[in-house]
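Student: I have a structure here, written as structure tokens, and I will follow up with some questions on it.
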Amino acid sequence: MSIDTETARRVAKLARIKVEDEDLPALAQDFNRILGFVEQLNEVDVDGVEPMTSVTPMRLKRREDVVTEGNQADKVLSNAPDAREGFFAVPKVVE
Amino acid sequence: MSDLNKLTIAEARDKLRAGDISSVELTGACLSAADAAKELNAVVHPTPDLAMEQAKQADDRLKSGYAPDMCGIPLGIKDLFCTQGVASQAASGILNGFKPEYESTVTTKLFDSGAVMIGKLNMDEFAMGSSNETSVYGNVVNPWRKADDDTALTPGGSSGGSSAAVAADICLGATGTDTGGSIRQPAAFTGITGLKPTYGRVSRWGIVAFASSLDQAGPMAKSVRDCAIMLKAMSGHDPKDSTSAEFDVPDFEAMLTGDIKGQTIGIPKEYRMDGMPDEIEALWAKGREMLEDAGAKIVDISLPHTKYALPAYYVIAPAEASSNLARYDGVRYGHRAKLAQGDGITEMYEKTRAEGFGDEVKRRVMIGTYVLSAGFYDAYYNRARRVRALIKKDFDDAFDAGVDAILTPATPSSAFALGQEFDDPVQMYLNDVFTVTVNLAGLPGISVPAGLDGQGLPLGLQLIGKPWDEGGLMNVAQALEDRAGFISKPEKWW
């Protein structure tokens with residue numbers, strides 16, 4: 001499996017990270033080195049082995065569907081780069 | 001009294017309770033040590049005013065009678081922990097300016113027990129790194145140097161600020177987090193003790209997430225006893241973390257008898273790596289002798305899937321990271337890129353994340369995105385999770401066969417020089433070859449300083465324990481510490 005610059009471009013897009021065209025070949029090379037290292041996993045016989053979902057045998061707990069800490073809009077917004085009138089503000093999403 | 005900052009937590013606790021010293025004096029000594037150690041770049045957000053206020057309150061509490069073990073003890077807190085009103089950036093540019101409105105469960109517990117925070121400590125960005133060089137604040141410098149050689153060395157990573165701060169006596173203990181070895185490797189590189197607890201022992205709530213199924217916070221301190229004291233204060237069930245276990249927290253310190261007669265210690269043959277330095281091999285053999293001397297029975301064991309741990313980790317951890325780090329989008333906190341005319345929300349995400357994340361974080365987020373993408377999920381992610389199940393089974397089998405703890409080297413080398421160029425990111429990943437299995441299996445592991453190499457740098461041994469048996473594990477570590485007699489400190493040059 002070899003990652004080309006087009007695949008690297010697609011992955012960067014999926015990850016929503018802007019990568020300049022001239023940086024794509026080096027990125028593809030990094031991917032190939034890491035994925036090449038990971039290829040070893042194909043040597044392992046995993047027939048009949050379930051993928052691990054929880055490292056400790058536990059059932060995730062459920063909680064009551066009630067408000068625990070509400071009415072803190074100011075605190076929620078206090079670190080926002082742009083907040084207006086009690087909302088997060090972002091560039092136009094819908095044309 | 002001078003040099004109060006050099007006390008252990010246990011010593012300071014006893015002196016504070018006896019009224020021989022005050023927390024204000026002790027905290028003052030640590031703050032002075034921090035001021036004098038700026039060259040190490042371990043403390044990135046000092047909080048001296050908060051520290052003195054907490055110290056005064058601790059002194060009042062101590063005077064009023066019974067106070068918990070951690071009351072009045074100055075600590076450093078890794079930048080990964082959210083601390084209310086105090087910058088918490090995970091050493092990333094994307095969280096520039098972020099001051100949480102809430103306190104992580106671990107720091108809440110520590111502060112409730114009277115601990116004092118001297119500041120936030122440097123680390124690798126989002127805990128991704130083994131040398132502390134991916135930090136937006138610049139690297140930490142290890143207080144240790146080779147004999148007759150001024151080369152600046154790494155304090156290890158990702159908890160490199162924590163390891164350097166404790167080794168340089170800037171604080172009595174520090175919090176760390178460990179996803180693949182980030183407590184144990186830096187502890188080994190700086191001659192201190194670091195414990196990664198069983199997954200679920202310590203609440204992850206309010207700790208910036210890297211790989212949620214692997215992340216676990218733990219203590220980094222000057223002795224096994226200090227780790228036991230700190231772990232007790234950090235542990236316990238937390239309804240805010242659904243993976244936190246509903247077990248009572250034992251008195252770990254009371255379990256440190258140092259008596260391990262009749263216990264069985266396993267030596268896994270797969271940890272003998274090709275090209276492993278002779279000094280590491282010799283240290284490991286010395287550890288075996290020391291535990292034998294303590295009355296333990298030593299058995300050779302096999303953990304057959306060991307070599308697949310790192311490759312499995314480099315699928316699972318990036319996959320979880322790509323999901324966890326999706327929240328850094330320039331909307332709710334931290335950095336937002338300046339936009340050009342006509343840029344929409346997608347450009348905002350892409351530019352913000354390109355500017356805010358460092359190279360290693362970007363690399364891992366994108367690898368994670370790739371292994372989770374349609375068509376590759378089964379081949380990479382599910383296969384890695386199956387291998388992870390086999391790695392855990394290796395340990396289960398060993399413990400079922402009667403092994404009480406497992407002894408391995410902590411790292412494949414001593415601290416290496418800062419600024420080394422690696423063409424291949426995988427070379428840096430090999431630092432975690434002995435530690436990463438423990439995270440994948442959810443087990444407790446501890447790094448104990450056990451000797452110096454030929455260049456005068458500290459080396460650590462790792463002990464791996466059964467799930468929830470941190471007390472028994474630390475008792476074996478105590479037996480090792482007693483016999484290793486490691487008392488070396490870095491010669492002060494800063």
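Residue names in the structure tokens use chain letters A, B, ... in the order shown, residue numbers from 1 in each chain, and ligand numbers from 1 in the order shown.
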Counting only C-alpha atoms, which residues of chain A come no farther than 8 Å from chain B, as a VMD selection string?
Tutor: chain A and resid 11 to 19 27 30 to 31 33 to 34 37 to 41 44 46 49 to 56 60 to 61 75 to 77 79 to 82 88 to 93
Student: Quick one: everything within 9 Å of Ser2 of chain A, counting only C-alpha atoms, minus sequence neighbours fewer than 2 positions away in the same chain. Send it as an MDAnalysis selection string.
Tutor: chainID A and resid 4 28:29 31:32 35:36
Student: Quick one: everything within 8 Å of Gly451 of chain B, counting only C-alpha atoms, minus sequence neighbours fewer than 5 positions away in the same chain. Send it as a CSV table (one decimal) with N, CA, C and O atoms, in the first residue's frame.
Tutor:
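Below you can see selection10.csv, which holds the result:
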```
chain,number,residue,atom,x,y,z
B,283,LEU,N,21.4,-3.7,33.5
B,283,LEU,CA,20.5,-3.1,34.5
B,283,LEU,C,19.4,-4.0,34.8
B,283,LEU,O,19.0,-4.3,36.0
B,458,PRO,N,20.8,8.7,34.4
B,458,PRO,CA,19.9,7.7,35.1
B,458,PRO,C,19.3,6.8,34.1
B,458,PRO,O,19.0,7.1,33.0
B,459,LEU,N,19.0,5.6,34.6
B,459,LEU,CA,18.3,4.5,33.9
B,459,LEU,C,17.2,4.0,34.8
B,459,LEU,O,17.4,3.9,36.0
B,460,GLY,N,16.1,3.6,34.2
B,460,GLY,CA,15.0,3.1,35.0
B,460,GLY,C,14.6,1.7,34.7
B,460,GLY,O,14.8,1.2,33.6
B,484,ALA,N,18.1,-0.8,45.1
B,484,ALA,CA,18.9,0.0,44.1
B,484,ALA,C,19.6,1.1,44.8
B,484,ALA,O,20.7,1.5,44.4
B,486,PHE,N,19.1,4.2,44.8
B,486,PHE,CA,19.4,5.3,43.9
B,486,PHE,C,19.2,6.7,44.6
B,486,PHE,O,18.1,7.0,45.0
```
